[in-house]
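Asker: Structure incoming, see below.
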Amino acid sequence: MNRKNILKSDYACQYRAADSPVHRLPAGWKMLLSTVLSVCILVTREPAPLLLITALCFAYYFFAGLTLSDLWRDTRIFLIQFCILLALFLYQYGYPDGIWPGVRTSIQIVLFFIPGIVFLRTTQVSSMMKGLRGIVPHRVLFLLFTSLRFVPFFARETQEITMAQRLRGARLSPCDIRRTVFWRDLFSCIILPLLVRALKTADEAALSAEARGMGARKERTYYDARELERYLAESRENSHPPDKGDSGKLS
């Protein structure tokens, strides 16, 4: 099987195993870098600084070993908000005064989420929780990062529900976005099933955590695959088979 197909991610914000400099960064540094980039995006208003921040965000994204297809999966949902915001700004300020504020605000929203998407794409949950376990209580960490890990799951659920509802006749195509029936079907055919699925998933996750003894002790352990591999390698190096001379002496 082709290695590119193995590393390919099928859904938005899904963790992708790769050997990139961003993957090798500690989770705390990645979180700090994402926060700094997001704050810079929020305070930027002029075209030249916004262009520079855009270049930095995309460089950070592709420096993590992600591809254009990954970028499309992660950001295509923002096309809807782009159209809505642009229409609202044009309605309020008119043409052409509303074009730049609408485009700028839409770009800022997309760029604001890109550092967080890179964080999800390059960081395992165990690394996230390990980096913050001395600062944040483990119950809060479990709630926060479990919620983050469900982002790809609900992206997949949204895609599957949308396809199923469109096959049943729901008017959810982009061509119908200007019609009232689109928003009615969006609420009844997409949002309500997602809410039901979210409540069911939360209940299943709570039962799973309780069955595994979550909260039974004040302190908890953290599974780290890299530390386990290092420990096993050291154990194999330290465990040498007995020499033949020693076995003869013992016999």
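Going by the structure tokens order, chains are called A, B, ..., each with residues numbered from 1, while ligands are numbered from 1 in the order shown.
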Skip Ala18 (chain A) itself and residues of its chain fewer than 3 positions away, then list as an NGL selection string all residues within 9 Å of it, counting only C-alpha atoms.

Answerer: :A and (7 or 23 or 64-66 or 122)

Asker: For the selection just defined, write its residues with N, CA and C atoms to a file, as a short mmCIF file (atom, residue, chain, number, x, y, z; two decimals), in the first residue's frame.

Answerer:
```
data_model
loop_
_atom_site.label_atom_id
_atom_site.label_comp_id
_atom_site.auth_asym_id
_atom_site.auth_seq_id
_atom_site.Cartn_x
_atom_site.Cartn_y
_atom_site.Cartn_z
N LEU A 7 -0.99 7.76 5.29
CA LEU A 7 -0.97 8.98 6.08
C LEU A 7 -2.12 9.92 5.74
N HIS A 23 5.08 18.26 14.63
CA HIS A 23 4.72 17.07 15.40
C HIS A 23 5.68 16.86 16.57
N ALA A 64 3.61 21.50 9.02
CA ALA A 64 3.22 20.33 9.81
C ALA A 64 3.03 19.08 8.96
N GLY A 65 3.39 19.14 7.68
CA GLY A 65 3.25 17.97 6.81
C GLY A 65 1.85 17.78 6.28
N LEU A 66 0.99 18.78 6.37
CA LEU A 66 -0.37 18.69 5.87
C LEU A 66 -0.43 19.14 4.42
N THR A 122 -1.75 17.57 14.86
CA THR A 122 -0.38 17.14 15.15
C THR A 122 -0.15 16.69 16.58
#
```

Asker: Which residue out of A:Val110, A:Leu42, A:Ala206, A:Cys83 has the minimum interatomic distance to Arg139 (chain A) when only C-alpha atoms are used?

Answerer: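 Once distances to Arg139 (chain A) are computed over only C-alpha atoms, the minimum belongs to A:Ala206.
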
Asker: Could you check the closest approach to Arg73 (chain A) for each of A:Pro152, A:Ser147, A:Pro101, A:Leu37 and tell me which residue wins, using only C-alpha atoms?

Answerer: A:Pro152

Asker: Restricting the calculation to only C-alpha atoms: of A:Trp183, A:Arg121, A:Arg104, A:Pro193, which residue gets closest to Thr44 (chain A)?

Answerer: A:Arg104

Asker: Pick from A:Gln108, A:Ala209, A:Gly28, A:Leu192: nearest to Thr158 (chain A), with only C-alpha atoms counted?

Answerer: A:Leu192

Asker: Could you work out how far CA of Phe113 (chain A) lies from CA of Cys13 (chain A), giving the answer in Å with one decimal?

Answerer: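 Distance between the two atoms: 10.5 Å.
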